[in-house]
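Asks: Have a look at this one before I ask anything.
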Amino acid sequence: MVAVIKTSRSINSILNYNENKVKEGVAECINAVNYPLELEKLNFSHKLNRFLKLSSLNENAKRNSVHISLNFDPSENHSKEKLIEIADTYMEKIGFGKQPYLVYQHHDAGHPHLHLVTNNIQRDGKRIDLHLIGVKKSEPARKEIEDIFGLIKAEGRKQKEVFTLKPVNVGRVEYGKAESRKAINSVLNKILFEYKYSSLPELNAVLNLYNVHADIGSEDSRVFKNKGLLYKILDQNLKPIGLPIKASEFYSKPTLKFLEGKFKINETEKELSKKHLKNVIKLAFFRENIFSPEKLSKVLERESIHTILRKSSEGQLYGITYVDHKTRSVFNGSSLGKEFSAKGIQENCAMNILVHERLHQNFTLINYDSFQDLTSREYVTENLADILLRGEKINEYVPNQQKLKKKKRIHKKL
């Protein structure tokens, strides 16, 4: 089970979102807890007013609404009664057991999930602290519930979930805006909140893998001038099709302002993942005969790293972006360092080719007497490691023949 907690200033928008899902026939309100009336007798006003009355007890609280989703493995098919019991247990363990809350079962995704709607203002007007609630309360509660109810554990499965997210089905959604919004929204909910990206191109590097693109428009467009953002569906050739949808039309409001906030946060958080990616790339060059960026891309795929090679119309490589699915981090090559940029990768590939040719064709530069105990393959490997891991010393290389001549001159002068 995976729990996602979002807070808001408007209980109205959260409630409307779930109730509209019910009207569309893709959701059902299956439980209402701590309400004076039974679920069947509650209308929209009853549900909303219960929250508003509590909110009025503490008008200083900036964020008084809580929206939680509980997500289960696609293979799990729990009864409505079990889902209600899971929701009640979860709310009790995170400290919301005495609060009014509504439980909605949604059927609009590829996996079973619940939405819980509540607020954090108690009957005495005091707030339930939401700071670090995910780490301090939600995570321990999730793990306990997985054991209590025999659920498939989220630990160890998060990597797989990334790869089971399917690209938007272009043929199915290009003709209808409603279907387009639903398809894009499923991708955004996964990528925006689970990946660490620090720029729009880095975000699009991931979104494009699922046929979605975030666009700020050209400099002379109204979208750009108004700091707007559109989400588009892409075809197999990465060309936009269908109608673009404004960011403000999605429930999570993934606007440009929202993304800019994520950029700043992610810039710091993804620093921890930088060392892992750099080591994987260095090891790839160390272990493999990599003579082209394309070969590097194939090797990195085995480590769950997707590489985007940006080329000009003439086929010249000018940029490279790495999407590390293991750490869920995105890096422009140059942000990792010169040797991981497009130019650095090409130089490493060229050096690999040069070393390979020298070791297999120009044997006069090799002193075999000192390497009789090594196989040819071992010698190649050691030299590749020396060049790639200490690349800054490459320019100091002087052939043995030149060294000998230099020594002779010095001897004569003496």
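The way I read the labels, and the way they are meant: chains A, B, ... in the order of the structure tokens, residue 1 as the first residue of every chain, and ligand 1 as the first ligand shown, with later ones counted on from there.
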Which residues, written as a ChimeraX atom specification, have at least one atom at most 8 Å from range 64-73 of chain A, with only C-alpha atoms counted and residues fewer than 4 positions away on the same chain left out?

Replies: /A:1-11,14,55,111-121,151-152

Asks: Just asking: which residues within range 302-349 of chain A are strand (DSSP E or B) according to DSSP, as a ChimeraX atom specification?

Replies: /A:305-311,317-324,329-332

Asks: Give me the residues within 8 Å of Lys93 in chain A as a list in words, counting only C-alpha atoms and dropping any in the same chain fewer than 4 places off.

Replies: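 Once the nearby chain positions are removed, what remains is Thr89, Gly97, Lys137, Ser138 and Ala141 of chain A.
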
Asks: Using N, CA and C atoms, can you write the selected residues to a file as a PDB file, in the first residue's frame?

Replies:
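Wrote it out as result-v6.pdb, contents follow:
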ATOM      1  N   THR A  89      -8.645   2.091  10.102  1.00  0.00           N
ATOM      2  CA  THR A  89      -7.423   1.785  10.850  1.00  0.00           C
ATOM      3  C   THR A  89      -6.340   2.820  10.556  1.00  0.00           C
ATOM      4  N   GLY A  97      -8.719   9.695  13.867  1.00  0.00           N
ATOM      5  CA  GLY A  97      -9.833   8.781  14.133  1.00  0.00           C
ATOM      6  C   GLY A  97     -11.087   9.461  14.656  1.00  0.00           C
ATOM      7  N   LYS A 137       4.020   9.662  11.023  1.00  0.00           N
ATOM      8  CA  LYS A 137       2.815   8.887  11.314  1.00  0.00           C
ATOM      9  C   LYS A 137       2.351   7.999  10.165  1.00  0.00           C
ATOM     10  N   SER A 138       2.342   8.548   8.949  1.00  0.00           N
ATOM     11  CA  SER A 138       1.794   7.792   7.830  1.00  0.00           C
ATOM     12  C   SER A 138       2.618   6.552   7.484  1.00  0.00           C
ATOM     13  N   ALA A 141       2.236   3.799  10.038  1.00  0.00           N
ATOM     14  CA  ALA A 141       0.871   3.269   9.939  1.00  0.00           C
ATOM     15  C   ALA A 141       0.738   2.365   8.720  1.00  0.00           C
TER      16      ALA A 141
END

Asks: State, in Å with one decimal place, the distance from CA of Val103 in chain A to CA of Cys29 in chain A.

Replies: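 Computing it gives 5.8 Å between the two atoms.
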
Asks: With 10 Å as the cut-off and only C-alpha atoms counted, what is the closest atom pair between each nearby residue of range 239-343 of chain A and range 229-232 of chain A? Distances in Å to one decimal, ordered by chain and number, as JSON lines.

Replies:
{"residue": "A:Lys239", "atom": "CA", "partner": "A:Lys232", "partner_atom": "CA", "distance": 9.4}
{"residue": "A:Pro240", "atom": "CA", "partner": "A:Lys232", "partner_atom": "CA", "distance": 6.1}
{"residue": "A:Ile241", "atom": "CA", "partner": "A:Lys232", "partner_atom": "CA", "distance": 7.2}
{"residue": "A:Gly242", "atom": "CA", "partner": "A:Lys232", "partner_atom": "CA", "distance": 7.7}
{"residue": "A:Leu243", "atom": "CA", "partner": "A:Lys232", "partner_atom": "CA", "distance": 7.1}
{"residue": "A:Pro244", "atom": "CA", "partner": "A:Lys232", "partner_atom": "CA", "distance": 4.7}
{"residue": "A:Ile245", "atom": "CA", "partner": "A:Tyr231", "partner_atom": "CA", "distance": 5.3}
{"residue": "A:Lys246", "atom": "CA", "partner": "A:Leu230", "partner_atom": "CA", "distance": 4.7}
{"residue": "A:Ala247", "atom": "CA", "partner": "A:Leu230", "partner_atom": "CA", "distance": 5.7}
{"residue": "A:Ser248", "atom": "CA", "partner": "A:Leu229", "partner_atom": "CA", "distance": 8.4}
{"residue": "A:Glu249", "atom": "CA", "partner": "A:Leu230", "partner_atom": "CA", "distance": 9.8}
{"residue": "A:Phe250", "atom": "CA", "partner": "A:Tyr231", "partner_atom": "CA", "distance": 9.9}
{"residue": "A:Pro254", "atom": "CA", "partner": "A:Leu229", "partner_atom": "CA", "distance": 8.5}
{"residue": "A:Thr255", "atom": "CA", "partner": "A:Leu229", "partner_atom": "CA", "distance": 6.0}
{"residue": "A:Leu256", "atom": "CA", "partner": "A:Leu229", "partner_atom": "CA", "distance": 5.8}
{"residue": "A:Lys257", "atom": "CA", "partner": "A:Leu229", "partner_atom": "CA", "distance": 9.3}
{"residue": "A:Leu259", "atom": "CA", "partner": "A:Leu229", "partner_atom": "CA", "distance": 9.9}

Asks: Extract the full set of alpha helix (DSSP H) residues from range 122-243 of chain A according to DSSP on the backbone, and format it as number ranges by chain.

Replies: A: 133, 139-149, 158-164, 170-173, 177-194, 200-207, 222-225

Asks: Store the residues picked out above in a file with N, CA and C atoms, as a short mmCIF file (atom, residue, chain, number, x, y, z; two decimals), in the first residue's frame.

Replies:
data_model
loop_
_atom_site.label_atom_id
_atom_site.label_comp_id
_atom_site.auth_asym_id
_atom_site.auth_seq_id
_atom_site.Cartn_x
_atom_site.Cartn_y
_atom_site.Cartn_z
N ILE A 133 3.95 14.75 8.86
CA ILE A 133 3.01 13.69 9.17
C ILE A 133 3.26 12.44 8.33
N GLU A 139 3.94 6.70 7.40
CA GLU A 139 4.78 5.56 7.03
C GLU A 139 4.71 4.41 8.05
N PRO A 140 4.83 4.71 9.35
CA PRO A 140 4.66 3.62 10.33
C PRO A 140 3.28 2.97 10.25
N ALA A 141 2.24 3.80 10.04
CA ALA A 141 0.87 3.27 9.94
C ALA A 141 0.74 2.37 8.72
N ARG A 142 1.31 2.80 7.60
CA ARG A 142 1.24 2.01 6.37
C ARG A 142 1.85 0.63 6.56
N LYS A 143 3.03 0.58 7.18
CA LYS A 143 3.72 -0.69 7.37
C LYS A 143 2.94 -1.62 8.30
N GLU A 144 2.35 -1.05 9.36
CA GLU A 144 1.55 -1.86 10.28
C GLU A 144 0.32 -2.43 9.57
N ILE A 145 -0.34 -1.60 8.77
CA ILE A 145 -1.56 -2.02 8.07
C ILE A 145 -1.26 -3.11 7.06
N GLU A 146 -0.11 -3.02 6.39
CA GLU A 146 0.27 -4.06 5.43
C GLU A 146 0.38 -5.42 6.13
N ASP A 147 0.90 -5.41 7.34
CA ASP A 147 1.03 -6.66 8.11
C ASP A 147 -0.32 -7.13 8.64
N ILE A 148 -1.10 -6.18 9.17
CA ILE A 148 -2.40 -6.53 9.77
C ILE A 148 -3.35 -7.15 8.75
N PHE A 149 -3.42 -6.55 7.55
CA PHE A 149 -4.40 -6.98 6.55
C PHE A 149 -3.79 -7.85 5.46
N LYS A 158 8.42 -0.23 -5.26
CA LYS A 158 8.31 1.12 -5.81
C LYS A 158 9.02 1.24 -7.15
N GLN A 159 10.17 0.53 -7.30
CA GLN A 159 10.87 0.61 -8.57
C GLN A 159 10.01 0.03 -9.69
N LYS A 160 9.33 -1.08 -9.40
CA LYS A 160 8.51 -1.74 -10.41
C LYS A 160 7.33 -0.86 -10.81
N GLU A 161 6.79 -0.12 -9.86
CA GLU A 161 5.63 0.71 -10.15
C GLU A 161 5.94 1.75 -11.21
N VAL A 162 7.18 2.25 -11.19
CA VAL A 162 7.55 3.25 -12.17
C VAL A 162 7.44 2.68 -13.58
N PHE A 163 7.90 1.45 -13.75
CA PHE A 163 7.93 0.86 -15.07
C PHE A 163 6.58 0.32 -15.52
N THR A 164 5.63 0.14 -14.58
CA THR A 164 4.32 -0.33 -14.98
C THR A 164 3.42 0.83 -15.37
N VAL A 170 -2.26 6.95 -27.29
CA VAL A 170 -2.53 8.05 -28.22
C VAL A 170 -3.77 7.82 -29.05
N GLY A 171 -3.91 6.63 -29.60
CA GLY A 171 -5.05 6.35 -30.46
C GLY A 171 -6.38 6.47 -29.76
N ARG A 172 -6.39 6.25 -28.45
CA ARG A 172 -7.65 6.25 -27.71
C ARG A 172 -8.06 7.63 -27.23
N VAL A 173 -7.09 8.53 -27.03
CA VAL A 173 -7.44 9.79 -26.37
C VAL A 173 -7.35 11.02 -27.26
N LYS A 177 -11.34 15.62 -25.39
CA LYS A 177 -10.63 16.36 -24.36
C LYS A 177 -10.78 15.71 -22.99
N ALA A 178 -11.95 15.21 -22.67
CA ALA A 178 -12.19 14.59 -21.36
C ALA A 178 -11.28 13.39 -21.18
N GLU A 179 -11.19 12.55 -22.20
CA GLU A 179 -10.32 11.39 -22.13
C GLU A 179 -8.85 11.82 -22.07
N SER A 180 -8.52 12.88 -22.78
CA SER A 180 -7.15 13.39 -22.77
C SER A 180 -6.76 13.83 -21.37
N ARG A 181 -7.64 14.56 -20.72
CA ARG A 181 -7.35 15.06 -19.38
C ARG A 181 -7.14 13.90 -18.41
N LYS A 182 -7.97 12.89 -18.51
CA LYS A 182 -7.86 11.73 -17.62
C LYS A 182 -6.52 11.01 -17.84
N ALA A 183 -6.15 10.84 -19.11
CA ALA A 183 -4.92 10.14 -19.44
C ALA A 183 -3.69 10.92 -18.97
N ILE A 184 -3.69 12.23 -19.23
CA ILE A 184 -2.56 13.07 -18.81
C ILE A 184 -2.47 13.10 -17.29
N ASN A 185 -3.62 13.21 -16.64
CA ASN A 185 -3.65 13.32 -15.18
C ASN A 185 -3.02 12.09 -14.51
N SER A 186 -3.25 10.90 -15.07
CA SER A 186 -2.68 9.69 -14.48
C SER A 186 -1.16 9.71 -14.53
N VAL A 187 -0.61 10.29 -15.61
CA VAL A 187 0.85 10.40 -15.74
C VAL A 187 1.38 11.48 -14.79
N LEU A 188 0.72 12.63 -14.75
CA LEU A 188 1.17 13.73 -13.90
C LEU A 188 1.20 13.34 -12.43
N ASN A 189 0.15 12.65 -11.98
CA ASN A 189 0.08 12.25 -10.57
C ASN A 189 1.25 11.38 -10.16
N LYS A 190 1.77 10.63 -11.10
CA LYS A 190 2.90 9.74 -10.81
C LYS A 190 4.23 10.49 -10.88
N ILE A 191 4.43 11.22 -11.98
CA ILE A 191 5.73 11.84 -12.24
C ILE A 191 5.98 13.08 -11.38
N LEU A 192 5.01 13.98 -11.29
CA LEU A 192 5.22 15.26 -10.61
C LEU A 192 5.60 15.09 -9.16
N PHE A 193 5.06 14.06 -8.50
CA PHE A 193 5.26 13.93 -7.07
C PHE A 193 6.26 12.86 -6.67
N GLU A 194 6.76 12.10 -7.64
CA GLU A 194 7.70 11.03 -7.30
C GLU A 194 9.09 11.23 -7.87
N LEU A 200 12.19 22.64 -16.43
CA LEU A 200 11.14 22.15 -17.31
C LEU A 200 11.68 21.12 -18.31
N PRO A 201 12.86 21.34 -18.92
CA PRO A 201 13.40 20.30 -19.81
C PRO A 201 13.63 18.97 -19.10
N GLU A 202 14.07 19.02 -17.85
CA GLU A 202 14.28 17.77 -17.11
C GLU A 202 12.96 17.07 -16.83
N LEU A 203 11.92 17.86 -16.47
CA LEU A 203 10.60 17.27 -16.26
C LEU A 203 10.09 16.64 -17.55
N ASN A 204 10.24 17.35 -18.66
CA ASN A 204 9.76 16.82 -19.94
C ASN A 204 10.53 15.59 -20.38
N ALA A 205 11.77 15.46 -19.92
CA ALA A 205 12.54 14.25 -20.25
C ALA A 205 11.82 13.01 -19.73
N VAL A 206 11.17 13.14 -18.57
CA VAL A 206 10.41 12.01 -18.02
C VAL A 206 9.03 11.94 -18.65
N LEU A 207 8.32 13.07 -18.70
CA LEU A 207 6.95 13.09 -19.23
C LEU A 207 6.89 12.57 -20.66
N ARG A 222 0.52 34.15 -25.99
CA ARG A 222 -0.21 34.60 -24.80
C ARG A 222 0.12 33.72 -23.60
N VAL A 223 0.31 32.44 -23.86
CA VAL A 223 0.62 31.51 -22.77
C VAL A 223 1.92 31.91 -22.08
N PHE A 224 2.93 32.22 -22.88
CA PHE A 224 4.24 32.59 -22.33
C PHE A 224 4.16 33.92 -21.59
N LYS A 225 3.50 34.90 -22.20
CA LYS A 225 3.41 36.24 -21.60
C LYS A 225 2.63 36.22 -20.29
#

Asks: Can you list, as JSON, numbers by chain, every protein, DNA or RNA residue that comes within 6 Å of Val323 in chain A when you count only C-alpha atoms, leaving out same-chain residues fewer than 6 positions away?

Replies: {"A": [305, 306, 330]}

Asks: Any idea what the distance is between CA of Tyr17 in chain A and CA of Ala214 in chain A?

Replies: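 Between CA of Tyr17 in chain A and CA of Ala214 in chain A the gap works out to 22.8 Å.
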
Asks: Suppose you want the space between CA of Lys343 in chain A and CA of Gln236 in chain A; what is it in Å?

Replies: 27.8 Å

Asks: Which residue is closest to Thr327 in chain A? Choose from A:Ser312, A:Ser273, A:Asn226, A:Gln99 and count only C-alpha atoms.

Replies: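 The shortest atom-to-atom distance to Thr327 in chain A comes from A:Ser273.
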
Asks: Which residues are close to Cys349 in chain A, i.e. within 10 Å by only C-alpha atoms, leaving aside same-chain residues fewer than 4 positions away? Reply as an NGL selection string.

Replies: :A and (285 or 289-293 or 295-296 or 343-345 or 353-355 or 388)

Asks: With only C-alpha atoms as the counted atoms, please give the residues lying no more than 9 Å from Leu83 in chain A, apart from itself and same-chain residues fewer than 4 positions off, as a list of chain:residue names.

Replies: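 Those residues are A:His78, A:Ser79, A:Ala87, A:Asp88, A:Gln105, A:Leu114.
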